[in-house]
file protein_24.cif (mmCIF, C-alpha atoms (C1' of nucleotides))
data_upload
loop_
_atom_site.label_atom_id
_atom_site.label_comp_id
_atom_site.auth_asym_id
_atom_site.auth_seq_id
_atom_site.Cartn_x
_atom_site.Cartn_y
_atom_site.Cartn_z
CA MET M 23 45.92 -14.29 -79.80
CA GLU M 24 45.87 -10.51 -79.76
CA ARG M 25 43.07 -8.03 -79.72
CA GLY M 26 43.67 -7.19 -83.34
CA ASP M 27 43.21 -10.79 -84.40
CA VAL M 28 39.87 -11.06 -82.64
CA VAL M 29 38.16 -8.11 -84.29
CA PRO M 30 37.69 -9.67 -87.74
CA LEU M 31 36.21 -12.80 -86.15
CA LEU M 32 33.85 -10.64 -84.13
CA GLY M 33 32.90 -8.95 -87.38
CA GLU M 34 31.77 -12.24 -88.86
CA VAL M 35 29.66 -13.05 -85.83
CA PHE M 36 27.94 -9.66 -85.81
CA ARG M 37 27.45 -9.83 -89.56
CA GLU M 38 25.71 -13.18 -89.35
CA HIS M 39 23.71 -12.75 -86.17
CA GLY M 40 23.24 -9.01 -85.85
CA PHE M 41 24.04 -7.21 -82.62
CA GLU M 42 21.31 -8.67 -80.45
CA GLY M 43 21.67 -12.11 -81.95
CA ALA M 44 25.42 -12.25 -81.39
CA SER M 45 25.42 -14.08 -78.06
CA LEU M 46 28.54 -14.41 -75.98
CA ALA M 47 28.22 -18.14 -76.59
CA ALA M 48 28.37 -17.62 -80.36
CA ILE M 49 31.30 -15.26 -79.94
CA THR M 50 33.33 -17.63 -77.78
CA ALA M 51 32.57 -20.44 -80.23
CA ARG M 52 33.76 -18.45 -83.23
CA THR M 53 36.79 -16.88 -81.63
CA GLY M 54 37.80 -19.85 -79.51
CA LEU M 55 38.29 -17.39 -76.67
CA GLY M 56 36.73 -17.71 -73.23
CA LYS M 57 34.90 -14.91 -71.53
CA GLY M 58 38.01 -14.13 -69.56
CA SER M 59 39.98 -13.18 -72.65
CA LEU M 60 37.05 -11.47 -74.29
CA TYR M 61 36.41 -9.19 -71.34
CA HIS M 62 40.10 -8.66 -70.95
CA PHE M 63 40.32 -7.26 -74.49
CA PHE M 64 36.93 -5.57 -74.43
CA PRO M 65 36.05 -4.53 -70.88
CA GLY M 66 32.96 -2.81 -72.23
CA GLY M 67 31.48 -6.10 -73.39
CA LYS M 68 29.50 -6.51 -76.58
CA GLU M 69 29.13 -2.78 -77.01
CA GLU M 70 32.88 -2.30 -77.13
CA MET M 71 33.32 -5.30 -79.39
CA ALA M 72 30.83 -3.92 -81.89
CA ALA M 73 32.45 -0.50 -81.73
CA ALA M 74 35.84 -2.07 -82.46
CA VAL M 75 34.43 -3.94 -85.43
CA LEU M 76 32.83 -0.80 -86.83
CA ALA M 77 36.07 1.09 -86.36
CA GLU M 78 38.00 -1.59 -88.20
CA ILE M 79 35.54 -1.63 -91.09
CA ASP M 80 35.62 2.12 -91.29
CA GLY M 81 39.40 2.07 -91.28
CA TRP M 82 39.54 -0.47 -94.07
CA PHE M 83 37.11 1.40 -96.29
CA GLU M 84 38.78 4.69 -95.53
CA ALA M 85 42.17 3.39 -96.59
CA GLN M 86 41.13 1.13 -99.44
CA VAL M 87 38.15 2.93 -100.92
CA PHE M 88 37.36 6.42 -99.65
CA ALA M 89 40.85 7.92 -99.65
CA PRO M 90 41.72 6.71 -103.18
CA LEU M 91 38.37 8.05 -104.34
CA ARG M 92 39.14 11.42 -102.79
CA GLU M 93 42.77 11.74 -103.71
CA GLY M 94 43.34 9.55 -106.74
CA ALA M 95 44.76 11.56 -109.61
CA ASP M 96 42.83 9.56 -112.15
CA ALA M 97 39.19 9.69 -111.03
CA PRO M 98 37.78 7.10 -113.43
CA SER M 99 40.31 4.48 -112.45
CA ALA M 100 39.73 5.27 -108.78
CA ILE M 101 36.08 4.47 -109.36
CA ARG M 102 36.99 1.28 -111.17
CA ASP M 103 39.19 0.32 -108.22
CA MET M 104 36.35 1.03 -105.81
CA LEU M 105 34.12 -1.43 -107.62
CA ALA M 106 36.82 -4.08 -107.59
CA LYS M 107 37.51 -3.63 -103.87
CA VAL M 108 33.82 -3.69 -103.07
CA ASP M 109 33.36 -6.86 -105.07
CA ALA M 110 36.20 -8.50 -103.19
CA TYR M 111 35.08 -7.24 -99.79
CA PHE M 112 31.54 -8.51 -100.15
CA ARG M 113 32.74 -11.75 -101.70
CA SER M 114 30.84 -11.06 -104.90
CA GLY M 115 27.54 -10.84 -103.05
CA ARG M 116 27.98 -13.76 -100.70
CA ARG M 117 28.73 -11.57 -97.74
CA VAL M 118 26.45 -9.03 -96.18
CA CYS M 119 27.24 -5.47 -95.09
CA LEU M 120 27.54 -5.25 -91.31
CA VAL M 121 26.95 -1.52 -91.29
CA GLY M 122 23.80 -2.04 -93.32
CA VAL M 123 22.60 -4.70 -90.91
CA PHE M 124 23.20 -2.37 -87.98
CA ALA M 125 21.49 0.50 -89.80
CA LEU M 126 18.24 -1.44 -90.06
CA GLY M 127 18.06 -2.49 -86.43
CA GLU M 128 17.49 -0.38 -83.37
CA VAL M 129 21.21 -0.73 -82.61
CA ARG M 130 21.53 1.95 -85.25
CA ASP M 131 20.97 4.57 -82.56
CA ARG M 132 23.73 3.22 -80.34
CA PHE M 133 26.29 3.53 -83.14
CA SER M 134 24.79 6.53 -84.82
CA ASP M 135 28.00 8.32 -85.64
CA GLN M 136 29.77 5.31 -87.09
CA VAL M 137 26.82 4.15 -89.18
CA GLU M 138 26.08 7.62 -90.48
CA GLY M 139 29.74 8.40 -91.01
CA TYR M 140 30.40 5.28 -93.05
CA PHE M 141 27.69 5.90 -95.61
CA ALA M 142 28.14 9.66 -95.74
CA ALA M 143 31.88 9.30 -96.30
CA TRP M 144 31.33 6.81 -99.08
CA ARG M 145 28.72 8.89 -100.82
CA ASP M 146 30.74 12.09 -100.56
CA ALA M 147 34.02 10.52 -101.66
CA LEU M 148 32.35 9.02 -104.70
CA ALA M 149 30.58 12.26 -105.53
CA GLY M 150 33.93 14.04 -105.41
CA ALA M 151 35.49 11.56 -107.81
CA LEU M 152 32.56 11.90 -110.21
CA ARG M 153 32.90 15.66 -110.04
CA ARG M 154 36.56 15.41 -110.96
CA ALA M 155 35.62 13.05 -113.75
CA GLY M 156 33.68 15.87 -115.29
CA ARG M 157 30.16 15.59 -113.92
CA SER M 158 28.12 18.50 -112.71
CA GLU M 159 27.71 18.97 -108.97
CA ALA M 160 24.09 17.83 -109.05
CA ASP M 161 24.74 14.88 -111.32
CA ALA M 162 27.69 13.71 -109.23
CA ALA M 163 25.67 13.86 -106.02
CA GLU M 164 22.76 11.95 -107.52
CA GLN M 165 24.90 9.25 -109.10
CA ALA M 166 26.90 8.78 -105.90
CA GLU M 167 23.81 8.36 -103.76
CA GLU M 168 22.31 5.99 -106.27
CA ALA M 169 25.46 3.87 -106.42
CA VAL M 170 25.85 3.50 -102.66
CA LEU M 171 22.22 2.60 -102.24
CA ALA M 172 22.31 0.16 -105.14
CA ILE M 173 25.19 -1.70 -103.53
CA GLN M 174 23.27 -2.06 -100.29
CA GLY M 175 20.10 -3.08 -102.07
CA ALA M 176 21.95 -5.58 -104.21
CA LEU M 177 23.44 -7.22 -101.13
CA THR M 178 19.98 -7.53 -99.60
CA LEU M 179 18.37 -8.85 -102.75
CA ALA M 180 21.21 -11.23 -103.49
CA ARG M 181 20.89 -12.77 -100.05
CA ALA M 182 17.10 -12.82 -100.16
CA LEU M 183 17.06 -14.64 -103.48
CA ARG M 184 20.16 -16.68 -102.70
CA ASP M 185 21.55 -15.38 -105.96
CA PRO M 186 24.92 -13.62 -105.68
CA GLU M 187 24.71 -12.84 -109.39
CA VAL M 188 22.34 -10.02 -108.51
CA PHE M 189 25.25 -8.30 -106.82
CA THR M 190 27.70 -8.98 -109.62
CA ARG M 191 25.27 -7.66 -112.23
CA THR M 192 24.69 -4.55 -110.17
CA LEU M 193 28.40 -3.79 -109.93
CA GLU M 194 28.77 -4.21 -113.67
CA ARG M 195 25.86 -1.91 -114.35
CA LEU M 196 27.33 0.61 -111.91
CA GLY M 197 30.63 0.43 -113.73
CA ARG M 198 28.99 1.17 -117.04
CA ARG M 199 26.93 4.00 -115.64
CA LEU M 200 29.57 5.71 -113.50
CA LEU M 201 32.31 5.53 -116.09
CA ALA M 202 30.15 6.49 -119.06
CA MET V 13 -8.90 -8.55 -79.52
CA GLU V 14 -8.72 -11.04 -82.36
CA ARG V 15 -5.82 -12.79 -83.98
CA GLY V 16 -6.13 -10.58 -87.04
CA ASP V 17 -5.70 -7.43 -84.94
CA VAL V 18 -2.51 -8.71 -83.36
CA VAL V 19 -0.58 -9.45 -86.54
CA PRO V 20 0.08 -5.81 -87.57
CA LEU V 21 1.33 -5.05 -84.06
CA LEU V 22 3.62 -8.06 -84.23
CA GLY V 23 4.85 -6.74 -87.55
CA GLU V 24 5.98 -3.51 -85.95
CA VAL V 25 7.85 -5.34 -83.22
CA PHE V 26 9.67 -7.62 -85.65
CA ARG V 27 10.41 -4.69 -87.94
CA GLU V 28 12.02 -2.72 -85.14
CA HIS V 29 13.81 -5.48 -83.26
CA GLY V 30 14.37 -8.19 -85.86
CA PHE V 31 13.40 -11.77 -85.16
CA GLU V 32 15.91 -12.56 -82.45
CA GLY V 33 15.55 -9.16 -80.86
CA ALA V 34 11.78 -9.37 -80.64
CA SER V 35 11.50 -10.72 -77.13
CA LEU V 36 8.25 -11.99 -75.71
CA ALA V 37 8.52 -9.12 -73.25
CA ALA V 38 8.62 -6.58 -76.11
CA ILE V 39 5.74 -8.33 -77.81
CA THR V 40 3.50 -8.38 -74.76
CA ALA V 41 4.32 -4.73 -74.14
CA ARG V 42 3.42 -3.69 -77.68
CA THR V 43 0.31 -5.82 -78.03
CA GLY V 44 -0.91 -5.49 -74.48
CA LEU V 45 -1.50 -9.22 -74.54
CA GLY V 46 -0.19 -11.68 -71.98
CA LYS V 47 1.54 -14.86 -72.92
CA GLY V 48 -1.71 -16.74 -72.43
CA SER V 49 -3.40 -14.92 -75.28
CA LEU V 50 -0.31 -14.89 -77.43
CA TYR V 51 0.17 -18.64 -77.21
CA HIS V 52 -3.54 -19.12 -77.65
CA PHE V 53 -3.42 -17.35 -81.02
CA PHE V 54 0.00 -18.61 -82.01
CA PRO V 55 0.66 -22.03 -80.45
CA GLY V 56 3.89 -22.22 -82.41
CA GLY V 57 5.34 -19.24 -80.54
CA LYS V 58 7.54 -16.63 -82.17
CA GLU V 59 8.06 -18.74 -85.25
CA GLU V 60 4.33 -18.84 -85.95
CA MET V 61 3.97 -15.14 -85.16
CA ALA V 62 6.67 -14.24 -87.65
CA ALA V 63 5.15 -16.52 -90.26
CA ALA V 64 1.78 -14.85 -89.78
CA VAL V 65 3.34 -11.43 -90.20
CA LEU V 66 5.15 -12.47 -93.37
CA ALA V 67 1.94 -13.96 -94.73
CA GLU V 68 0.07 -10.75 -94.04
CA ILE V 69 2.72 -8.63 -95.71
CA ASP V 70 2.79 -10.93 -98.69
CA GLY V 71 -1.00 -10.79 -98.91
CA TRP V 72 -1.00 -7.02 -98.82
CA PHE V 73 1.63 -6.66 -101.51
CA GLU V 74 0.02 -9.33 -103.61
CA ALA V 75 -3.34 -7.57 -103.57
CA GLN V 76 -2.15 -3.97 -103.65
CA VAL V 77 0.98 -4.14 -105.76
CA PHE V 78 1.79 -7.41 -107.50
CA ALA V 79 -1.65 -8.29 -108.88
CA PRO V 80 -2.30 -4.81 -110.34
CA LEU V 81 1.17 -4.92 -111.87
CA ARG V 82 0.39 -8.29 -113.44
CA GLU V 83 -3.16 -7.70 -114.54
CA GLY V 84 -3.57 -3.95 -114.93
CA ALA V 85 -4.72 -3.06 -118.41
CA ASP V 86 -2.67 0.11 -118.42
CA ALA V 87 0.88 -0.95 -117.54
CA PRO V 88 2.39 2.53 -117.05
CA SER V 89 -0.30 3.59 -114.64
CA ALA V 90 0.05 0.28 -112.76
CA ILE V 91 3.71 1.13 -112.30
CA ARG V 92 2.82 4.62 -111.14
CA ASP V 93 0.38 3.11 -108.64
CA MET V 94 3.06 0.74 -107.41
CA LEU V 95 5.34 3.63 -106.57
CA ALA V 96 2.56 5.44 -104.74
CA LYS V 97 1.62 2.37 -102.70
CA VAL V 98 5.23 1.68 -101.87
CA ASP V 99 5.74 5.25 -100.77
CA ALA V 100 2.72 5.00 -98.50
CA TYR V 101 3.63 1.57 -97.14
CA PHE V 102 7.14 2.56 -96.17
CA ARG V 103 5.95 5.89 -94.82
CA SER V 104 8.11 7.79 -97.29
CA GLY V 105 11.25 6.13 -96.01
CA ARG V 106 10.57 6.32 -92.30
CA ARG V 107 9.67 2.66 -92.07
CA VAL V 108 11.91 -0.26 -92.80
CA CYS V 109 11.16 -3.39 -94.83
CA LEU V 110 10.60 -6.37 -92.56
CA VAL V 111 11.31 -8.86 -95.32
CA GLY V 112 14.58 -7.08 -96.03
CA VAL V 113 15.51 -7.20 -92.36
CA PHE V 114 14.78 -10.92 -92.26
CA ALA V 115 16.71 -11.47 -95.48
CA LEU V 116 19.91 -10.11 -93.95
CA GLY V 117 19.78 -12.18 -90.77
CA GLU V 118 20.19 -15.89 -90.31
CA VAL V 119 16.42 -16.11 -89.84
CA ARG V 120 16.40 -15.87 -93.60
CA ASP V 121 16.83 -19.62 -93.78
CA ARG V 122 13.87 -20.34 -91.53
CA PHE V 123 11.55 -18.34 -93.77
CA SER V 124 13.26 -19.08 -97.00
CA ASP V 125 10.17 -19.52 -99.13
CA GLN V 126 8.42 -16.41 -97.93
CA VAL V 127 11.47 -14.17 -98.21
CA GLU V 128 12.42 -15.48 -101.60
CA GLY V 129 8.82 -15.47 -102.82
CA TYR V 130 8.22 -11.88 -101.85
CA PHE V 131 11.12 -10.45 -103.79
CA ALA V 132 10.80 -12.81 -106.74
CA ALA V 133 7.09 -12.01 -107.10
CA TRP V 134 7.76 -8.32 -106.98
CA ARG V 135 10.57 -8.44 -109.52
CA ASP V 136 8.63 -10.67 -111.90
CA ALA V 137 5.39 -8.72 -111.66
CA LEU V 138 7.23 -5.50 -112.40
CA ALA V 139 9.16 -7.06 -115.26
CA GLY V 140 5.86 -8.21 -116.77
CA ALA V 141 4.41 -4.72 -116.58
CA LEU V 142 7.51 -3.24 -118.19
CA ARG V 143 7.28 -5.82 -120.92
CA ARG V 144 3.67 -4.84 -121.61
CA ALA V 145 4.73 -1.22 -121.60
CA GLY V 146 6.88 -2.00 -124.60
CA ARG V 147 10.28 -2.93 -123.21
CA SER V 148 12.34 -5.83 -124.48
CA GLU V 149 12.48 -8.95 -122.33
CA ALA V 150 16.07 -8.27 -121.29
CA ASP V 151 15.48 -4.59 -120.60
CA ALA V 152 12.35 -5.31 -118.56
CA ALA V 153 14.15 -7.89 -116.42
CA GLU V 154 17.09 -5.61 -115.78
CA GLN V 155 14.98 -2.57 -114.92
CA ALA V 156 12.74 -4.60 -112.62
CA GLU V 157 15.66 -6.05 -110.68
CA GLU V 158 17.25 -2.64 -110.44
CA ALA V 159 14.05 -1.04 -109.16
CA VAL V 160 13.38 -3.62 -106.45
CA LEU V 161 16.94 -3.47 -105.25
CA ALA V 162 16.99 0.32 -105.30
CA ILE V 163 13.93 0.42 -103.06
CA GLN V 164 15.61 -1.85 -100.53
CA GLY V 165 18.85 0.07 -100.69
CA ALA V 166 17.08 3.38 -100.34
CA LEU V 167 15.33 2.18 -97.19
CA THR V 168 18.66 1.12 -95.72
CA LEU V 169 20.45 4.31 -96.66
CA ALA V 170 17.58 6.52 -95.54
CA ARG V 171 17.60 4.93 -92.13
CA ALA V 172 21.39 4.91 -91.88
CA LEU V 173 21.61 8.61 -92.69
CA ARG V 174 18.40 9.46 -90.85
CA ASP V 175 17.29 11.11 -94.06
CA PRO V 176 13.97 9.87 -95.46
CA GLU V 177 14.48 12.13 -98.45
CA VAL V 178 16.87 9.54 -99.83
CA PHE V 179 13.91 7.23 -100.24
CA THR V 180 11.64 9.87 -101.72
CA ARG V 181 14.27 10.90 -104.24
CA THR V 182 14.82 7.28 -105.21
CA LEU V 183 11.14 6.71 -105.90
CA GLU V 184 11.02 9.83 -108.04
CA ARG V 185 14.05 8.72 -110.00
CA LEU V 186 12.49 5.30 -110.42
CA GLY V 187 9.31 6.88 -111.71
CA ARG V 188 11.22 8.84 -114.31
CA ARG V 189 13.26 5.86 -115.40
CA LEU V 190 10.54 3.21 -115.47
CA LEU V 191 7.99 5.37 -117.22
CA ALA V 192 10.36 6.91 -119.73
"C1'" DT X 13 -29.57 -20.32 -66.01
"C1'" DT X 14 -26.63 -23.86 -67.53
"C1'" DT X 15 -22.98 -25.44 -70.42
"C1'" DG X 16 -19.09 -25.28 -73.38
"C1'" DT X 17 -15.82 -22.51 -75.78
"C1'" DT X 18 -12.85 -18.74 -76.46
"C1'" DA X 19 -9.96 -15.36 -74.47
"C1'" DC X 20 -6.72 -13.97 -71.13
"C1'" DG X 21 -3.50 -13.31 -66.71
"C1'" DT X 22 -0.14 -15.33 -63.67
"C1'" DA X 23 2.98 -18.28 -61.78
"C1'" DC X 24 6.25 -21.17 -63.01
"C1'" DC X 25 10.05 -23.88 -65.68
"C1'" DA X 26 14.69 -25.00 -67.53
"C1'" DA X 27 17.87 -22.75 -70.45
"C1'" DT X 28 20.43 -19.03 -71.66
"C1'" DC X 29 21.77 -14.33 -71.34
"C1'" DA X 30 25.67 -10.71 -70.33
"C1'" DG X 31 28.83 -9.89 -67.08
"C1'" DT X 32 32.12 -10.71 -62.77
"C1'" DA X 33 35.60 -12.87 -59.90
"C1'" DC X 34 39.52 -15.10 -59.53
"C1'" DA X 35 42.83 -18.59 -59.90
"C1'" DA X 36 45.95 -20.63 -63.15
"C1'" DT X 37 48.74 -20.20 -66.88
"C1'" DT X 38 51.77 -18.11 -70.18
"C1'" DA X 39 54.90 -14.62 -71.88
"C1'" DT X 40 58.07 -11.05 -71.19
"C1'" DG X 41 61.89 -8.54 -69.66
"C1'" DG X 42 65.64 -7.89 -66.29
"C1'" DC Z 18 66.14 -17.65 -62.90
"C1'" DC Z 19 62.96 -14.61 -61.29
"C1'" DA Z 20 59.44 -11.22 -61.07
"C1'" DT Z 21 55.95 -8.84 -63.21
"C1'" DA Z 22 52.42 -8.43 -66.34
"C1'" DA Z 23 49.54 -10.02 -69.94
"C1'" DT Z 24 46.48 -13.78 -71.09
"C1'" DT Z 25 43.05 -17.38 -70.44
"C1'" DG Z 26 39.73 -21.08 -68.30
"C1'" DT Z 27 36.19 -21.95 -65.00
"C1'" DA Z 28 32.80 -21.21 -61.84
"C1'" DC Z 29 29.62 -18.23 -60.58
"C1'" DT Z 30 25.97 -14.28 -60.46
"C1'" DG Z 31 21.21 -12.31 -61.11
"C1'" DA Z 32 18.35 -11.21 -64.82
"C1'" DT Z 33 15.90 -12.53 -68.87
"C1'" DT Z 34 14.88 -15.79 -72.44
"C1'" DG Z 35 10.96 -18.71 -74.85
"C1'" DG Z 36 7.62 -21.76 -73.49
"C1'" DT Z 37 4.09 -24.43 -70.40
"C1'" DA Z 38 0.40 -25.10 -67.01
"C1'" DC Z 39 -3.48 -23.82 -65.22
"C1'" DG Z 40 -7.00 -21.02 -63.22
"C1'" DT Z 41 -10.24 -17.52 -64.30
"C1'" DA Z 42 -12.85 -14.52 -66.75
"C1'" DA Z 43 -16.09 -13.39 -70.78
"C1'" DC Z 44 -18.95 -15.10 -73.97
"C1'" DA Z 45 -22.12 -17.54 -76.71
"C1'" DA Z 46 -25.97 -20.96 -77.53
"C1'" DA Z 47 -29.37 -23.74 -75.27
#
call {"tool": "encode", "arguments": {"input": "protein_24.cif", "output": "structure tokens"}}
result
Amino acid sequence: MERGDVVPLLGEVFREHGFEGASLAAITARTGLGKGSLYHFFPGGKEEMAAAVLAEIDGWFEAQVFAPLREGADAPSAIRDMLAKVDAYFRSGRRVCLVGVFALGEVRDRFSDQVEGYFAAWRDALAGALRRAGRSEADAAEQAEEAVLAIQGALTLARALRDPEVFTRTLERLGRRLLA
Amino acid sequence: MERGDVVPLLGEVFREHGFEGASLAAITARTGLGKGSLYHFFPGGKEEMAAAVLAEIDGWFEAQVFAPLREGADAPSAIRDMLAKVDAYFRSGRRVCLVGVFALGEVRDRFSDQVEGYFAAWRDALAGALRRAGRSEADAAEQAEEAVLAIQGALTLARALRDPEVFTRTLERLGRRLLA
DNA sequence: TTTGTTACGTACCAATCAGTACAATTATGG
DNA sequence: CCATAATTGTACTGATTGGTACGTAACAAA
């Protein structure tokens, strides 16, 4: 088992338990790794583990979502791709957003840059694509903010109501609105 | 100090730390009460404290928001009032939604009824008001779901970006859209 | 003033927490 | 094969966890 293999597992633990709730016991259970290995890969303990997870998430979204949004020649289809990737990533509403979970807790302050950077990058990349798709500056900014926030809200509501359809419906509505 | 005075303070602790993160130490610090008093008021421990907080929140929203939405003679002004109350309650985006925080964690399952009930009541009350304001059944349901989810998402994004304006803007947009 | 109840602080409990130390194992490369 | 380094399990640490026990205040009604 390598460090790179552990990070996604850590992600699941933090996603489900939050930072404080993710006990070393839960982490060893999920990863199958003892403390020895864990502290060998992450000498900084939980803090370093969480940072690694955030970095991996950021890297994934950067490569799969933000960059295509920024650089895609065809803006509308880049937006369509974003929605598809987001649907897959969040398992159609059955999975929660780790960065969102962190944002709500007081851990937020410990990972300020990463939390802020993730959402800002998303919003700005989407606004850029909307701009290139012909929207005004103001309209693009408003629609982008609204879309990012709707995705977060839909994940929360879907989990609260145990109804993943809330998320699916939201993505569809977003598709209609952003590509109109 | 009475039990009723303690509940709002408990609410703040759970809001800021989440359920797992709200240690008895943090609770005694915030309330100024020793364990003796705490367990005198809440023999069931943290679980009972959290339940009391959720009940209080639900009671507040029921009286201040849901009931007016359901029974208000003038539906549009009931909706306007809802937005004003929500803005005040969440301190214009500087305060986070405890029920939303619970919904994202695994505590969700322990307080299933209360979490689910809160959001379902809100959505349904709003949908009813929209219906009375002249919308079709389908349109009312969609707009209500979208509004509730946007409020949650806006709280998350506002906190993530440290920008309460996100929340304020969202409420304004909601006002325009719901009252159009 | 006496009596009974409600409120509260403190000392304690076993369990668990994050983290450390270190020996044993497993790969790896020469 | 051998040596060196990268992994991993286990036993431990002191601190903190939620919760209990119990003694003591404050209070009311009589």
call {"tool": "residues_around", "arguments": {"input": "protein_24.cif", "residues": "range 175-182 of chain V", "least_positions_apart": "2", "cutoff": "7 Å", "atoms": "all atoms listed in the file", "output": "PyMOL selection string"}}
result
chain V and resi 104-106+166-167+170-171+173+184-186
call {"tool": "closest_residue", "arguments": {"input": "protein_24.cif", "among": "M:Ala74, M:Leu105, M:Ala89, M:Ala182", "to": "Phe114 in chain V", "atoms": "all atoms listed in the file"}}
result
M:Ala182
call {"tool": "resolve_selection", "arguments": {"input": "protein_24.cif", "expression": "the PyMOL selection byres ((chain Z) within 12 of (chain V))", "output": "ChimeraX atom specification"}}
result
/Z:33-41
call {"tool": "closest_atom_pairs", "arguments": {"input": "protein_24.cif", "of": "chain M", "to": "chain V", "cutoff": "9 Å", "atoms": "all atoms listed in the file", "output": "Markdown table"}}
result
| residue | atom | partner | partner_atom | distance |
| --- | --- | --- | --- | --- |
| M:Arg37 | CA | V:Gly117 | CA | 8.1 |
| M:Glu38 | CA | V:Gly117 | CA | 6.2 |
| M:His39 | CA | V:Gly117 | CA | 6.1 |
| M:Gly40 | CA | V:Gly117 | CA | 6.8 |
| M:Phe41 | CA | V:Gly33 | CA | 8.9 |
| M:Glu42 | CA | V:Gly33 | CA | 5.8 |
| M:Gly43 | CA | V:Glu32 | CA | 5.8 |
| M:Val118 | CA | V:Leu116 | CA | 7.0 |
| M:Cys119 | CA | V:Leu116 | CA | 8.7 |
| M:Val121 | CA | V:Ala172 | CA | 8.5 |
| M:Gly122 | CA | V:Thr168 | CA | 6.5 |
| M:Val123 | CA | V:Leu116 | CA | 6.8 |
| M:Phe124 | CA | V:Ala172 | CA | 8.5 |
| M:Ala125 | CA | V:Ala172 | CA | 4.9 |
| M:Leu126 | CA | V:Thr168 | CA | 6.2 |
| M:Gly127 | CA | V:His29 | CA | 6.1 |
| M:Glu128 | CA | V:Glu28 | CA | 6.2 |
| M:Val129 | CA | V:His29 | CA | 8.8 |
| M:Arg130 | CA | V:Ala172 | CA | 7.3 |
| M:Ser134 | CA | V:Ala172 | CA | 8.0 |
| M:Val137 | CA | V:Ala172 | CA | 6.1 |
| M:Glu138 | CA | V:Leu173 | CA | 5.1 |
| M:Gly139 | CA | V:Leu173 | CA | 8.3 |
| M:Phe141 | CA | V:Leu173 | CA | 7.3 |
| M:Ala142 | CA | V:Leu173 | CA | 7.3 |
| M:Glu167 | CA | V:Val178 | CA | 8.1 |
| M:Glu168 | CA | V:Thr182 | CA | 7.7 |
| M:Val170 | CA | V:Gly165 | CA | 8.0 |
| M:Leu171 | CA | V:Gly165 | CA | 4.5 |
| M:Ala172 | CA | V:Ala162 | CA | 5.3 |
| M:Ile173 | CA | V:Gly165 | CA | 7.2 |
| M:Gln174 | CA | V:Gly165 | CA | 4.9 |
| M:Gly175 | CA | V:Gly165 | CA | 3.7 |
| M:Ala176 | CA | V:Leu161 | CA | 5.5 |
| M:Leu177 | CA | V:Leu116 | CA | 8.5 |
| M:Thr178 | CA | V:Leu116 | CA | 6.2 |
| M:Leu179 | CA | V:Leu161 | CA | 6.1 |
| M:Arg181 | CA | V:Ala115 | CA | 6.3 |
| M:Ala182 | CA | V:Ala115 | CA | 4.9 |
| M:Leu183 | CA | V:Glu128 | CA | 5.1 |
| M:Arg184 | CA | V:Glu128 | CA | 7.9 |
| M:Val188 | CA | V:Glu157 | CA | 8.1 |
| M:Thr192 | CA | V:Glu158 | CA | 7.7 |
call {"tool": "residues_around", "arguments": {"input": "protein_24.cif", "residues": "range 19-23 of chain Z", "least_positions_apart": "3", "cutoff": "10 Å", "atoms": "all atoms listed in the file", "output": "number ranges by chain"}}
result
M: 62; X: 38-42
call {"tool": "interface_residues", "arguments": {"input": "protein_24.cif", "of": "chain X", "to": "chain V", "cutoff": "12 Å", "atoms": "only C-alpha atoms (C1' of nucleotides)", "output": "PyMOL selection string"}}
result
chain X and resi 18-23
call {"tool": "atom_distance", "arguments": {"input": "protein_24.cif", "atom1": "CA of Gly44 in chain V", "atom2": "CA of Val18 in chain V"}}
result
9.6 Å
